[in-house]
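Here's final-v6.cif, which has mmCIF, C-alpha atoms and all ligand atoms:
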data_my_file
#
loop_
_atom_site.group_PDB
_atom_site.id
_atom_site.type_symbol
_atom_site.label_atom_id
_atom_site.label_comp_id
_atom_site.auth_asym_id
_atom_site.auth_seq_id
_atom_site.Cartn_x
_atom_site.Cartn_y
_atom_site.Cartn_z
ATOM 1 C CA MET Y 1 85.004 102.333 84.735
ATOM 2 C CA LYS Y 2 86.194 104.826 87.372
ATOM 3 C CA VAL Y 3 87.909 104.348 90.710
ATOM 4 C CA LEU Y 4 86.652 106.486 93.603
ATOM 5 C CA LYS Y 5 88.666 106.444 96.810
ATOM 6 C CA PHE Y 6 87.211 107.852 100.028
ATOM 7 C CA GLY Y 7 89.597 108.545 102.900
ATOM 8 C CA GLY Y 8 89.096 108.122 106.631
ATOM 9 C CA THR Y 9 87.255 111.385 107.321
ATOM 10 C CA SER Y 10 84.989 110.765 104.319
ATOM 11 C CA VAL Y 11 83.675 107.600 105.992
ATOM 12 C CA GLY Y 12 84.385 108.769 109.548
ATOM 13 C CA SER Y 13 80.813 109.351 110.750
ATOM 14 C CA VAL Y 14 77.263 108.242 110.044
ATOM 15 C CA GLN Y 15 76.571 111.516 108.250
ATOM 16 C CA ARG Y 16 79.640 111.120 106.030
ATOM 17 C CA ILE Y 17 78.861 107.484 105.212
ATOM 18 C CA LYS Y 18 75.387 108.557 104.089
ATOM 19 C CA GLU Y 19 76.862 111.299 101.894
ATOM 20 C CA VAL Y 20 79.340 108.896 100.305
ATOM 21 C CA ALA Y 21 76.501 106.443 99.651
ATOM 22 C CA GLU Y 22 74.741 109.242 97.724
ATOM 23 C CA LEU Y 23 77.885 110.123 95.765
ATOM 24 C CA VAL Y 24 78.639 106.578 94.634
ATOM 25 C CA GLN Y 25 75.160 106.192 93.151
ATOM 26 C CA GLN Y 26 75.914 108.921 90.602
ATOM 27 C CA GLY Y 27 77.663 108.229 87.294
ATOM 28 C CA GLY Y 28 78.525 104.915 85.661
ATOM 29 C CA SER Y 29 80.274 101.797 86.880
ATOM 30 C CA LYS Y 30 82.953 102.184 89.497
ATOM 31 C CA ILE Y 31 85.194 100.604 92.068
ATOM 32 C CA VAL Y 32 84.851 102.384 95.403
ATOM 33 C CA VAL Y 33 87.986 102.120 97.538
ATOM 34 C CA LEU Y 34 87.520 102.887 101.222
ATOM 35 C CA SER Y 35 89.900 103.673 104.055
ATOM 36 C CA ALA Y 36 89.160 102.734 107.625
ATOM 37 C CA MET Y 37 86.906 105.171 109.506
ATOM 38 C CA SER Y 38 89.074 108.028 110.788
ATOM 39 C CA GLY Y 39 90.880 107.220 114.021
ATOM 40 C CA THR Y 40 90.499 103.469 113.597
ATOM 41 C CA THR Y 41 93.943 102.683 112.157
ATOM 42 C CA ASN Y 42 95.570 104.826 114.863
ATOM 43 C CA SER Y 43 93.649 102.867 117.514
ATOM 44 C CA LEU Y 44 94.672 99.566 115.907
ATOM 45 C CA VAL Y 45 98.327 100.697 115.940
ATOM 46 C CA GLU Y 46 97.967 101.476 119.657
ATOM 47 C CA ILE Y 47 96.404 98.065 120.282
ATOM 48 C CA ALA Y 48 99.249 96.356 118.409
ATOM 49 C CA ASN Y 49 101.831 98.349 120.395
ATOM 50 C CA TYR Y 50 100.317 97.233 123.712
ATOM 51 C CA LEU Y 51 100.302 93.637 122.471
ATOM 52 C CA PHE Y 52 103.993 93.892 121.532
ATOM 53 C CA GLU Y 53 104.699 95.215 125.021
ATOM 54 C CA LYS Y 54 102.629 92.351 126.483
ATOM 55 C CA LYS Y 55 100.274 94.878 128.080
ATOM 56 C CA ASN Y 56 97.365 92.694 127.094
ATOM 57 C CA ASP Y 57 94.853 94.177 129.551
ATOM 58 C CA LEU Y 58 95.423 97.641 128.132
ATOM 59 C CA ALA Y 59 95.086 96.237 124.607
ATOM 60 C CA ALA Y 60 91.795 94.544 125.565
ATOM 61 C CA ASP Y 61 90.462 97.831 127.005
ATOM 62 C CA LEU Y 62 91.233 99.605 123.729
ATOM 63 C CA VAL Y 63 89.580 96.831 121.701
ATOM 64 C CA GLU Y 64 86.416 97.173 123.792
ATOM 65 C CA GLY Y 65 86.494 100.974 123.517
ATOM 66 C CA LEU Y 66 86.704 100.744 119.728
ATOM 67 C CA ARG Y 67 83.989 98.066 119.647
ATOM 68 C CA ALA Y 68 81.682 100.447 121.555
ATOM 69 C CA LYS Y 69 82.344 103.203 118.985
ATOM 70 C CA TYR Y 70 81.340 100.886 116.142
ATOM 71 C CA HIS Y 71 78.197 99.821 118.004
ATOM 72 C CA LYS Y 72 77.196 103.450 118.307
ATOM 73 C CA THR Y 73 77.808 103.964 114.572
ATOM 74 C CA ILE Y 74 75.726 101.006 113.429
ATOM 75 C CA ASN Y 75 72.875 101.814 115.800
ATOM 76 C CA GLU Y 76 72.628 105.231 114.146
ATOM 77 C CA LEU Y 77 73.275 104.053 110.588
ATOM 78 C CA TYR Y 78 70.863 101.198 109.967
ATOM 79 C CA LYS Y 79 67.096 101.374 110.253
ATOM 80 C CA GLN Y 80 66.125 97.797 109.384
ATOM 81 C CA ASP Y 81 66.378 95.245 112.197
ATOM 82 C CA GLU Y 82 67.621 92.483 109.924
ATOM 83 C CA ILE Y 83 70.446 94.660 108.561
ATOM 84 C CA LEU Y 84 71.343 95.879 112.049
ATOM 85 C CA GLU Y 85 71.600 92.286 113.241
ATOM 86 C CA ARG Y 86 73.990 91.495 110.395
ATOM 87 C CA ALA Y 87 76.072 94.570 111.258
ATOM 88 C CA LYS Y 88 76.235 93.444 114.900
ATOM 89 C CA GLU Y 89 77.422 90.025 113.768
ATOM 90 C CA LEU Y 90 80.108 91.636 111.591
ATOM 91 C CA ILE Y 91 81.351 93.730 114.478
ATOM 92 C CA ARG Y 92 81.270 90.760 116.804
ATOM 93 C CA SER Y 93 83.448 88.686 114.467
ATOM 94 C CA HIS Y 94 86.051 91.422 113.820
ATOM 95 C CA PHE Y 95 86.336 92.491 117.464
ATOM 96 C CA ASP Y 96 86.386 88.944 118.858
ATOM 97 C CA TYR Y 97 89.198 88.280 116.369
ATOM 98 C CA LEU Y 98 91.086 91.312 117.732
ATOM 99 C CA LEU Y 99 90.419 90.299 121.321
ATOM 100 C CA ALA Y 100 91.792 86.806 120.680
ATOM 101 C CA PHE Y 101 95.271 88.324 120.167
ATOM 102 C CA THR Y 102 95.277 89.276 123.854
ATOM 103 C CA GLN Y 103 95.320 85.534 124.638
ATOM 104 C CA ASP Y 104 98.057 84.589 122.191
ATOM 105 C CA SER Y 105 101.626 85.391 121.135
ATOM 106 C CA PHE Y 106 102.084 88.493 118.994
ATOM 107 C CA THR Y 107 104.487 89.062 116.097
ATOM 108 C CA ILE Y 108 104.823 91.479 113.195
ATOM 109 C CA HIS Y 109 102.565 89.257 111.056
ATOM 110 C CA GLU Y 110 99.751 89.499 113.550
ATOM 111 C CA GLU Y 111 100.292 93.245 113.668
ATOM 112 C CA LYS Y 112 99.472 93.492 109.956
ATOM 113 C CA ALA Y 113 96.341 91.404 110.479
ATOM 114 C CA VAL Y 114 95.284 93.720 113.318
ATOM 115 C CA LEU Y 115 95.797 96.836 111.156
ATOM 116 C CA ALA Y 116 93.736 95.306 108.340
ATOM 117 C CA GLN Y 117 90.568 95.194 110.442
ATOM 118 C CA GLY Y 118 89.781 98.899 109.913
ATOM 119 C CA GLU Y 119 89.368 98.664 106.133
ATOM 120 C CA LEU Y 120 87.644 95.269 106.380
ATOM 121 C CA LEU Y 121 85.092 96.818 108.745
ATOM 122 C CA SER Y 122 84.468 100.073 106.840
ATOM 123 C CA THR Y 123 83.894 98.296 103.525
ATOM 124 C CA ALA Y 124 81.624 95.604 104.962
ATOM 125 C CA LEU Y 125 79.521 98.170 106.836
ATOM 126 C CA PHE Y 126 79.305 100.446 103.789
ATOM 127 C CA GLN Y 127 78.219 97.598 101.527
ATOM 128 C CA LEU Y 128 75.567 96.645 104.082
ATOM 129 C CA TYR Y 129 74.326 100.226 104.079
ATOM 130 C CA LEU Y 130 73.954 100.152 100.278
ATOM 131 C CA GLU Y 131 72.004 96.937 100.731
ATOM 132 C CA GLU Y 132 69.676 98.709 103.143
ATOM 133 C CA LEU Y 133 69.161 101.383 100.472
ATOM 134 C CA ASN Y 134 68.414 98.650 97.922
ATOM 135 C CA VAL Y 135 71.422 99.707 95.849
ATOM 136 C CA LYS Y 136 73.045 96.769 94.111
ATOM 137 C CA SER Y 137 76.753 96.447 94.926
ATOM 138 C CA ALA Y 138 79.413 93.856 95.682
ATOM 139 C CA LEU Y 139 82.560 93.619 97.754
ATOM 140 C CA LEU Y 140 85.860 93.043 95.967
ATOM 141 C CA PRO Y 141 88.145 91.641 98.666
ATOM 142 C CA ALA Y 142 91.549 93.351 98.327
ATOM 143 C CA LEU Y 143 93.174 90.341 99.981
ATOM 144 C CA LYS Y 144 92.205 88.347 96.892
ATOM 145 C CA PHE Y 145 94.013 90.579 94.392
ATOM 146 C CA MET Y 146 96.240 93.261 95.952
ATOM 147 C CA ARG Y 147 99.768 91.977 96.327
ATOM 148 C CA ILE Y 148 103.350 93.150 96.854
ATOM 149 C CA ASP Y 149 106.401 91.232 95.671
ATOM 150 C CA LYS Y 150 109.638 90.293 97.445
ATOM 151 C CA ASP Y 151 110.951 93.860 96.996
ATOM 152 C CA LEU Y 152 107.730 95.177 98.547
ATOM 153 C CA GLU Y 153 106.742 96.654 95.184
ATOM 154 C CA PRO Y 154 103.273 96.096 93.700
ATOM 155 C CA ASP Y 155 102.952 92.836 91.782
ATOM 156 C CA TYR Y 156 101.268 94.477 88.769
ATOM 157 C CA PHE Y 157 100.688 91.228 86.903
ATOM 158 C CA TYR Y 158 99.100 89.423 89.861
ATOM 159 C CA ILE Y 159 96.895 92.433 90.678
ATOM 160 C CA LYS Y 160 95.702 92.823 87.095
ATOM 161 C CA GLU Y 161 94.962 89.127 86.508
ATOM 162 C CA ASN Y 162 93.140 88.561 89.775
ATOM 163 C CA LEU Y 163 91.212 91.819 89.918
ATOM 164 C CA ASN Y 164 89.910 91.438 86.361
ATOM 165 C CA ARG Y 165 88.948 87.811 87.037
ATOM 166 C CA LEU Y 166 86.966 88.865 90.117
ATOM 167 C CA LEU Y 167 85.213 91.569 88.076
ATOM 168 C CA GLU Y 168 84.412 89.079 85.302
ATOM 169 C CA GLU Y 169 82.806 86.774 87.867
ATOM 170 C CA GLN Y 170 80.331 89.467 88.902
ATOM 171 C CA LYS Y 171 78.909 90.854 85.682
ATOM 172 C CA GLY Y 172 75.929 93.197 85.961
ATOM 173 C CA ILE Y 173 77.209 94.993 89.072
ATOM 174 C CA ASP Y 174 77.956 98.712 88.754
ATOM 175 C CA ILE Y 175 79.271 99.488 92.221
ATOM 176 C CA PHE Y 176 82.152 97.446 93.580
ATOM 177 C CA ILE Y 177 83.592 98.177 97.003
ATOM 178 C CA SER Y 178 87.144 97.370 97.950
ATOM 179 C CA GLN Y 179 89.538 97.947 100.834
ATOM 180 C CA GLY Y 180 92.309 100.460 100.476
ATOM 181 C CA PHE Y 181 95.650 99.996 102.267
ATOM 182 C CA ILE Y 182 95.603 96.198 102.733
ATOM 183 C CA CYS Y 183 97.308 93.599 100.579
ATOM 184 C CA ARG Y 184 99.161 90.305 100.753
ATOM 185 C CA ASN Y 185 102.911 89.928 100.609
ATOM 186 C CA VAL Y 186 104.981 87.488 98.567
ATOM 187 C CA TYR Y 187 104.295 84.746 101.160
ATOM 188 C CA GLY Y 188 100.552 85.305 100.953
ATOM 189 C CA GLU Y 189 100.458 86.879 104.418
ATOM 190 C CA ILE Y 190 98.347 89.933 105.205
ATOM 191 C CA ASP Y 191 100.383 93.092 104.725
ATOM 192 C CA ASN Y 192 99.730 96.738 103.877
ATOM 193 C CA LEU Y 193 100.865 99.584 101.637
ATOM 194 C CA LYS Y 194 102.019 101.725 104.600
ATOM 195 C CA ARG Y 195 100.093 104.469 106.346
ATOM 196 C CA GLY Y 196 97.993 106.544 103.974
ATOM 197 C CA GLY Y 197 98.243 103.671 101.475
ATOM 198 C CA SER Y 198 94.616 103.712 100.339
ATOM 199 C CA ASP Y 199 95.527 106.341 97.730
ATOM 200 C CA TYR Y 200 98.124 103.915 96.414
ATOM 201 C CA SER Y 201 95.519 101.106 96.344
ATOM 202 C CA ALA Y 202 93.224 103.325 94.286
ATOM 203 C CA SER Y 203 95.852 104.128 91.698
ATOM 204 C CA LEU Y 204 97.015 100.483 91.466
ATOM 205 C CA ILE Y 205 93.406 99.418 90.926
ATOM 206 C CA GLY Y 206 93.018 102.178 88.327
ATOM 207 C CA VAL Y 207 96.007 100.866 86.403
ATOM 208 C CA ALA Y 208 94.883 97.220 86.656
ATOM 209 C CA ILE Y 209 91.455 97.958 85.138
ATOM 210 C CA LYS Y 210 92.652 100.770 82.829
ATOM 211 C CA ALA Y 211 90.220 103.123 84.563
ATOM 212 C CA GLU Y 212 89.066 106.233 82.763
ATOM 213 C CA GLU Y 213 89.812 108.235 85.932
ATOM 214 C CA VAL Y 214 90.910 107.797 89.543
ATOM 215 C CA GLN Y 215 89.189 110.106 92.010
ATOM 216 C CA ILE Y 216 90.634 110.699 95.462
ATOM 217 C CA TRP Y 217 87.860 112.038 97.691
ATOM 218 C CA THR Y 218 89.064 113.607 100.923
ATOM 219 C CA ASP Y 219 88.338 116.382 103.430
ATOM 220 C CA ILE Y 220 89.812 119.236 101.366
ATOM 221 C CA ASP Y 221 88.985 120.674 97.939
ATOM 222 C CA GLY Y 222 92.129 119.543 96.145
ATOM 223 C CA MET Y 223 95.874 120.007 96.341
ATOM 224 C CA HIS Y 224 96.569 123.407 97.903
ATOM 225 C CA ASN Y 225 99.477 125.702 97.129
ATOM 226 C CA ASN Y 226 100.747 125.141 100.667
ATOM 227 C CA ASP Y 227 100.163 122.813 103.638
ATOM 228 C CA PRO Y 228 96.887 124.117 105.133
ATOM 229 C CA ARG Y 229 97.800 122.596 108.499
ATOM 230 C CA ILE Y 230 100.712 125.021 108.731
ATOM 231 C CA VAL Y 231 99.947 127.981 106.451
ATOM 232 C CA ASP Y 232 96.824 130.218 106.640
ATOM 233 C CA GLN Y 233 94.706 131.039 103.588
ATOM 234 C CA THR Y 234 95.993 128.453 101.158
ATOM 235 C CA SER Y 235 94.036 127.843 97.959
ATOM 236 C CA PRO Y 236 93.409 124.847 95.720
ATOM 237 C CA ILE Y 237 95.406 124.322 92.513
ATOM 238 C CA GLN Y 238 93.147 123.494 89.554
ATOM 239 C CA GLN Y 239 95.603 121.493 87.503
ATOM 240 C CA LEU Y 240 98.926 119.779 88.088
ATOM 241 C CA SER Y 241 101.155 117.553 85.988
ATOM 242 C CA PHE Y 242 101.886 114.015 87.227
ATOM 243 C CA ASP Y 243 105.442 115.089 88.053
ATOM 244 C CA GLU Y 244 104.379 118.156 90.008
ATOM 245 C CA ALA Y 245 101.835 116.133 91.995
ATOM 246 C CA ALA Y 246 104.321 113.322 92.654
ATOM 247 C CA GLU Y 247 106.911 115.833 93.853
ATOM 248 C CA LEU Y 248 104.460 117.544 96.213
ATOM 249 C CA ALA Y 249 103.338 114.172 97.601
ATOM 250 C CA TYR Y 250 106.938 113.025 97.975
ATOM 251 C CA PHE Y 251 107.863 116.167 99.901
ATOM 252 C CA GLY Y 252 105.008 115.734 102.353
ATOM 253 C CA ALA Y 253 101.705 117.026 100.920
ATOM 254 C CA LYS Y 254 99.705 114.576 103.022
ATOM 255 C CA ILE Y 255 96.706 114.668 100.694
ATOM 256 C CA LEU Y 256 98.418 111.986 98.568
ATOM 257 C CA HIS Y 257 100.452 108.918 99.496
ATOM 258 C CA PRO Y 258 103.960 109.550 98.079
ATOM 259 C CA SER Y 259 103.897 106.493 95.764
ATOM 260 C CA SER Y 260 100.360 106.911 94.522
ATOM 261 C CA ILE Y 261 100.989 109.069 91.439
ATOM 262 C CA LEU Y 262 103.615 106.943 89.717
ATOM 263 C CA PRO Y 263 101.333 104.071 88.607
ATOM 264 C CA ALA Y 264 98.752 106.563 87.271
ATOM 265 C CA LYS Y 265 101.487 108.456 85.457
ATOM 266 C CA LYS Y 266 102.819 105.302 83.805
ATOM 267 C CA ALA Y 267 99.346 104.337 82.616
ATOM 268 C CA ASN Y 268 98.372 107.943 81.828
ATOM 269 C CA ILE Y 269 95.220 107.837 83.957
ATOM 270 C CA PRO Y 270 93.921 111.208 85.152
ATOM 271 C CA VAL Y 271 93.729 111.609 88.938
ATOM 272 C CA ARG Y 272 91.146 114.003 90.336
ATOM 273 C CA LEU Y 273 91.267 115.227 93.933
ATOM 274 C CA LYS Y 274 87.803 116.036 95.280
ATOM 275 C CA SER Y 275 86.253 117.067 98.588
ATOM 276 C CA THR Y 276 83.447 115.079 100.232
ATOM 277 C CA ILE Y 277 82.732 118.168 102.345
ATOM 278 C CA SER Y 278 82.187 120.382 99.295
ATOM 279 C CA PRO Y 279 81.571 117.922 96.442
ATOM 280 C CA LYS Y 280 80.678 120.715 93.998
ATOM 281 C CA ALA Y 281 84.140 122.331 94.321
ATOM 282 C CA GLU Y 282 86.230 121.701 91.248
ATOM 283 C CA GLY Y 283 89.176 120.177 93.096
ATOM 284 C CA THR Y 284 92.468 119.372 91.392
ATOM 285 C CA LEU Y 285 93.000 117.514 88.145
ATOM 286 C CA ILE Y 286 96.313 115.731 87.778
HETATM 287 P P1 LIG S 1 92.342 111.001 103.832
HETATM 288 O O1 LIG S 1 92.034 110.496 105.197
HETATM 289 O O2 LIG S 1 91.137 111.340 103.032
HETATM 290 O O3 LIG S 1 93.333 110.145 103.092
HETATM 291 P P2 LIG S 1 94.480 112.805 104.562
HETATM 292 O O4 LIG S 1 94.375 113.352 105.949
HETATM 293 O O5 LIG S 1 95.436 111.705 104.341
HETATM 294 O O6 LIG S 1 93.019 112.427 104.072
HETATM 295 O O7 LIG S 1 94.847 113.979 103.521
HETATM 296 C C1 LIG S 1 94.099 115.173 103.508
HETATM 297 C C2 LIG S 1 94.812 116.228 104.336
HETATM 298 O O8 LIG S 1 96.078 116.542 103.758
HETATM 299 C C3 LIG S 1 94.123 117.556 104.382
HETATM 300 O O9 LIG S 1 93.117 117.611 105.369
HETATM 301 C C4 LIG S 1 95.274 118.522 104.663
HETATM 302 O O10 LIG S 1 95.334 118.857 106.024
HETATM 303 C C5 LIG S 1 96.526 117.722 104.341
HETATM 304 N N1 LIG S 1 97.420 118.411 103.399
HETATM 305 C C6 LIG S 1 98.752 118.574 103.588
HETATM 306 N N2 LIG S 1 99.302 119.246 102.569
HETATM 307 C C7 LIG S 1 98.297 119.536 101.708
HETATM 308 C C8 LIG S 1 98.237 120.247 100.463
HETATM 309 N N3 LIG S 1 99.308 120.780 99.892
HETATM 310 N N4 LIG S 1 97.014 120.365 99.873
HETATM 311 C C9 LIG S 1 95.917 119.821 100.425
HETATM 312 N N5 LIG S 1 95.920 119.135 101.588
HETATM 313 C C10 LIG S 1 97.088 119.003 102.242
HETATM 314 N N1 LIG S 2 93.700 103.467 107.104
HETATM 315 C C1 LIG S 2 95.078 103.617 106.671
HETATM 316 C C2 LIG S 2 95.747 104.711 107.452
HETATM 317 O O1 LIG S 2 95.121 105.337 108.290
HETATM 318 C C3 LIG S 2 95.208 103.837 105.181
HETATM 319 C C4 LIG S 2 94.603 105.114 104.654
HETATM 320 O O2 LIG S 2 93.759 105.721 105.319
HETATM 321 O O3 LIG S 2 94.964 105.509 103.544
HETATM 322 O O4 LIG S 2 96.911 104.925 107.276
HETATM 323 MG MG MG S 3 95.403 109.915 103.257
#
Would it be possible to restate this file's structure as structure tokens?
Ligand code: ADP
Ligand code: ASP
Ligand code: MG
Amino acid sequence: MKVLKFGGTSVGSVQRIKEVAELVQQGGSKIVVLSAMSGTTNSLVEIANYLFEKKNDLAADLVEGLRAKYHKTINELYKQDEILERAKELIRSHFDYLLAFTQDSFTIHEEKAVLAQGELLSTALFQLYLEELNVKSALLPALKFMRIDKDLEPDYFYIKENLNRLLEEQKGIDIFISQGFICRNVYGEIDNLKRGGSDYSASLIGVAIKAEEVQIWTDIDGMHNNDPRIVDQTSPIQQLSFDEAAELAYFGAKILHPSSILPAKKANIPVRLKSTISPKAEGTLI
């Protein structure tokens, strides 16, 4: 089994979602880990900040703005009325949940629940799209297996036991879809693996299922020899050792979450960085 993680830009538009749906139908069985659609987590952070500041009207305006964006997406994405109705219901439930925080007290725990909505939405909408295509798939709720311990480190035993049990319960499915980024903490509350944490989710899942490979699909064709946001004419590196990749990630190569390589290194699982924009490009093999 492989793990394929698609970042925010890779699921950030109707066109991209359709391309990812094509990609995940190729090859054998897999767990597809999705980020929130690009921009969503930033908007959720803004909403949470307004709620902390008790600027609830501003928070409500942002919630409605984001809701409108999702309505536009689903109206373009789904063709079947029945599926579109289910998507509308999904959006209604997630956004009414967000809106309810504008009527209530707000703490750090609620903030984590607010931030989780992006990945919960992207995965549910993607799975619904596969259903429209008549492609058999199932959701694997990260909140049922992804967990951090009292030191905020991954609870490897809990993750492994629960993830493999959930997989066992759904034999005959080749495409599983799970949320990156989100998890529960030692108290069972909703938490997350910090910004950019979907890469970390993918590698933790890879370790838990002893995946043959973890693929990180993003908007660039692999790890470049320099930060392309700063330096002109950078080029992709074909191969890197775990240590080289971990060092680059640690020192700010945004393509990978700084903690994401260590679990893969320990379990000796190859990590491949690939581009959803140019899927034929070789990318980087770690
Ligand atoms: P995703 O949303 O898919 O997780 P990110 O934005 O987190 O994507 O990571 C991909 C981005 O990382 C690229 O678009 C690029 O701008 C940036 N980046 C920074 N340093 C590097 C590097 N050395 N090689 C490749 N990409 C890099
Ligand atoms: N959606 C989260 C973020 O924007 C996690 C991720 O994309 O990796 O930070
Ligand atoms: Mg990222």
Would you name the residues within 8 Å of ligand LIG 1 (chain S), counting only C-alpha atoms and all ligand atoms, and put them as a tab-separated table (two decimals) with C-alpha atoms, in the coordinates of the input?
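Below is the file pocket.tsv, written as the result:
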chain	number	residue	atom	x	y	z
Y	6	PHE	CA	87.21	107.85	100.03
Y	7	GLY	CA	89.60	108.54	102.90
Y	8	GLY	CA	89.10	108.12	106.63
Y	9	THR	CA	87.26	111.38	107.32
Y	10	SER	CA	84.99	110.76	104.32
Y	35	SER	CA	89.90	103.67	104.06
Y	38	SER	CA	89.07	108.03	110.79
Y	196	GLY	CA	97.99	106.54	103.97
Y	198	SER	CA	94.62	103.71	100.34
Y	199	ASP	CA	95.53	106.34	97.73
Y	216	ILE	CA	90.63	110.70	95.46
Y	217	TRP	CA	87.86	112.04	97.69
Y	218	THR	CA	89.06	113.61	100.92
Y	219	ASP	CA	88.34	116.38	103.43
Y	220	ILE	CA	89.81	119.24	101.37
Y	221	ASP	CA	88.98	120.67	97.94
Y	222	GLY	CA	92.13	119.54	96.14
Y	223	MET	CA	95.87	120.01	96.34
Y	224	HIS	CA	96.57	123.41	97.90
Y	225	ASN	CA	99.48	125.70	97.13
Y	226	ASN	CA	100.75	125.14	100.67
Y	227	ASP	CA	100.16	122.81	103.64
Y	228	PRO	CA	96.89	124.12	105.13
Y	229	ARG	CA	97.80	122.60	108.50
Y	236	PRO	CA	93.41	124.85	95.72
Y	248	LEU	CA	104.46	117.54	96.21
Y	252	GLY	CA	105.01	115.73	102.35
Y	253	ALA	CA	101.70	117.03	100.92
Y	254	LYS	CA	99.70	114.58	103.02
Y	255	ILE	CA	96.71	114.67	100.69
Y	256	LEU	CA	98.42	111.99	98.57
Y	257	HIS	CA	100.45	108.92	99.50
* Which residue of Y:Glu119, Y:Glu76, Y:Glu82, Y:Asp57 approaches ligand LIG 2 (chain S) most closely, using only C-alpha atoms and all ligand atoms ->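 Under the stated criterion, the closest residue is Y:Glu119.
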Note to self: Could you check the closest approach to ligand LIG 2 (chain S) for each of Y:Leu66, Y:Leu121, Y:Ala267, Y:Val20 and tell me which residue wins, using all atoms listed in the file?
What the structure shows: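 Smallest distance to ligand LIG 2 (chain S) is found for Y:Leu121.
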* Tell me, as a ChimeraX atom specification, which residues lie within 9 Å of stretch 171-177 of chain Y, counting all atoms listed in the file; anything in the same chain fewer than 3 positions away does not count. => /Y:1,24-25,28-34,123-124,126-127,135-141,167-168
Of Y:Ala36, Y:Leu240, Y:Ala264, Y:Val114, the one nearest to ligand MG 3 (chain S) when counting only C-alpha atoms and all ligand atoms is Y:Ala36
Resolved residues for the PyMOL selection byres (((chain Y and resi 83) around 12) and not hetatm) as a PDB file with C-alpha atoms, in the frame of the given file:
ATOM      1  CA  ILE Y  74      75.726 101.006 113.429  1.00  0.00           C
ATOM      2  CA  ASN Y  75      72.875 101.814 115.800  1.00  0.00           C
ATOM      3  CA  LEU Y  77      73.275 104.053 110.588  1.00  0.00           C
ATOM      4  CA  TYR Y  78      70.863 101.198 109.967  1.00  0.00           C
ATOM      5  CA  LYS Y  79      67.096 101.374 110.253  1.00  0.00           C
ATOM      6  CA  GLN Y  80      66.125  97.797 109.384  1.00  0.00           C
ATOM      7  CA  ASP Y  81      66.378  95.245 112.197  1.00  0.00           C
ATOM      8  CA  GLU Y  82      67.621  92.483 109.924  1.00  0.00           C
ATOM      9  CA  LEU Y  84      71.343  95.879 112.049  1.00  0.00           C
ATOM     10  CA  GLU Y  85      71.600  92.286 113.241  1.00  0.00           C
ATOM     11  CA  ARG Y  86      73.990  91.495 110.395  1.00  0.00           C
ATOM     12  CA  ALA Y  87      76.072  94.570 111.258  1.00  0.00           C
ATOM     13  CA  LYS Y  88      76.235  93.444 114.900  1.00  0.00           C
ATOM     14  CA  GLU Y  89      77.422  90.025 113.768  1.00  0.00           C
ATOM     15  CA  LEU Y  90      80.108  91.636 111.591  1.00  0.00           C
ATOM     16  CA  ALA Y 124      81.624  95.604 104.962  1.00  0.00           C
ATOM     17  CA  LEU Y 125      79.521  98.170 106.836  1.00  0.00           C
ATOM     18  CA  PHE Y 126      79.305 100.446 103.789  1.00  0.00           C
ATOM     19  CA  GLN Y 127      78.219  97.598 101.527  1.00  0.00           C
ATOM     20  CA  LEU Y 128      75.567  96.645 104.082  1.00  0.00           C
ATOM     21  CA  TYR Y 129      74.326 100.226 104.079  1.00  0.00           C
ATOM     22  CA  LEU Y 130      73.954 100.152 100.278  1.00  0.00           C
ATOM     23  CA  GLU Y 131      72.004  96.937 100.731  1.00  0.00           C
ATOM     24  CA  GLU Y 132      69.676  98.709 103.143  1.00  0.00           C
ATOM     25  CA  LEU Y 133      69.161 101.383 100.472  1.00  0.00           C
ATOM     26  CA  ASN Y 134      68.414  98.650  97.922  1.00  0.00           C
TER      27      ASN Y 134
END
Neighbour list for Y:Leu204 as a PDB file with C-alpha atoms, in the frame of the given file, cut-off 9 Å, only C-alpha atoms, skip fewer than 4 positions in-chain:
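Output contents, as saved in selection.pdb:
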ATOM      1  CA  MET Y 146      96.240  93.261  95.952  1.00  0.00           C
ATOM      2  CA  PRO Y 154     103.273  96.096  93.700  1.00  0.00           C
ATOM      3  CA  TYR Y 156     101.268  94.477  88.769  1.00  0.00           C
ATOM      4  CA  ILE Y 159      96.895  92.433  90.678  1.00  0.00           C
ATOM      5  CA  LYS Y 160      95.702  92.823  87.095  1.00  0.00           C
ATOM      6  CA  ASP Y 199      95.527 106.341  97.730  1.00  0.00           C
ATOM      7  CA  TYR Y 200      98.124 103.915  96.414  1.00  0.00           C
ATOM      8  CA  ALA Y 208      94.883  97.220  86.656  1.00  0.00           C
ATOM      9  CA  ILE Y 209      91.455  97.958  85.138  1.00  0.00           C
ATOM     10  CA  SER Y 260     100.360 106.911  94.522  1.00  0.00           C
ATOM     11  CA  PRO Y 263     101.333 104.071  88.607  1.00  0.00           C
ATOM     12  CA  ALA Y 264      98.752 106.563  87.271  1.00  0.00           C
TER      13      ALA Y 264
END
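Across the structure, atom CA of Y:Asn42 and atom CA of Y:Leu115 are spaced 8.8 Å apart.
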Exercise. Kindly give the distance, in Å, that separates atom CA of Y:Leu285 and atom CA of Y:Glu212, rounded to a single decimal.
Key: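 Result for atom CA of Y:Leu285 versus atom CA of Y:Glu212: 13.1 Å, one decimal.
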Would you kindly return, as a list in words, each protein, DNA or RNA residue with an atom no farther than 12 Å from any atom of Y:Gln103, considering all atoms listed in the file and excluding same-chain residues fewer than 4 positions away?
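Returned residues: Leu51, Lys54, Lys55, Asn56, Asp57, Ala59, Ala60, Asp96, Tyr97, Leu98 and Leu99 of chain Y.
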Atom CA of Y:Ala100 to atom CA of Y:Ala113 measures 12.1 Å
_Expand the PyMOL selection byres (((chain Y and resi 14) around 9) and not hetatm) into the explicit residue set it covers here, and present it as number ranges by chain._
Y: 11-13, 15-19, 73-74, 76-77
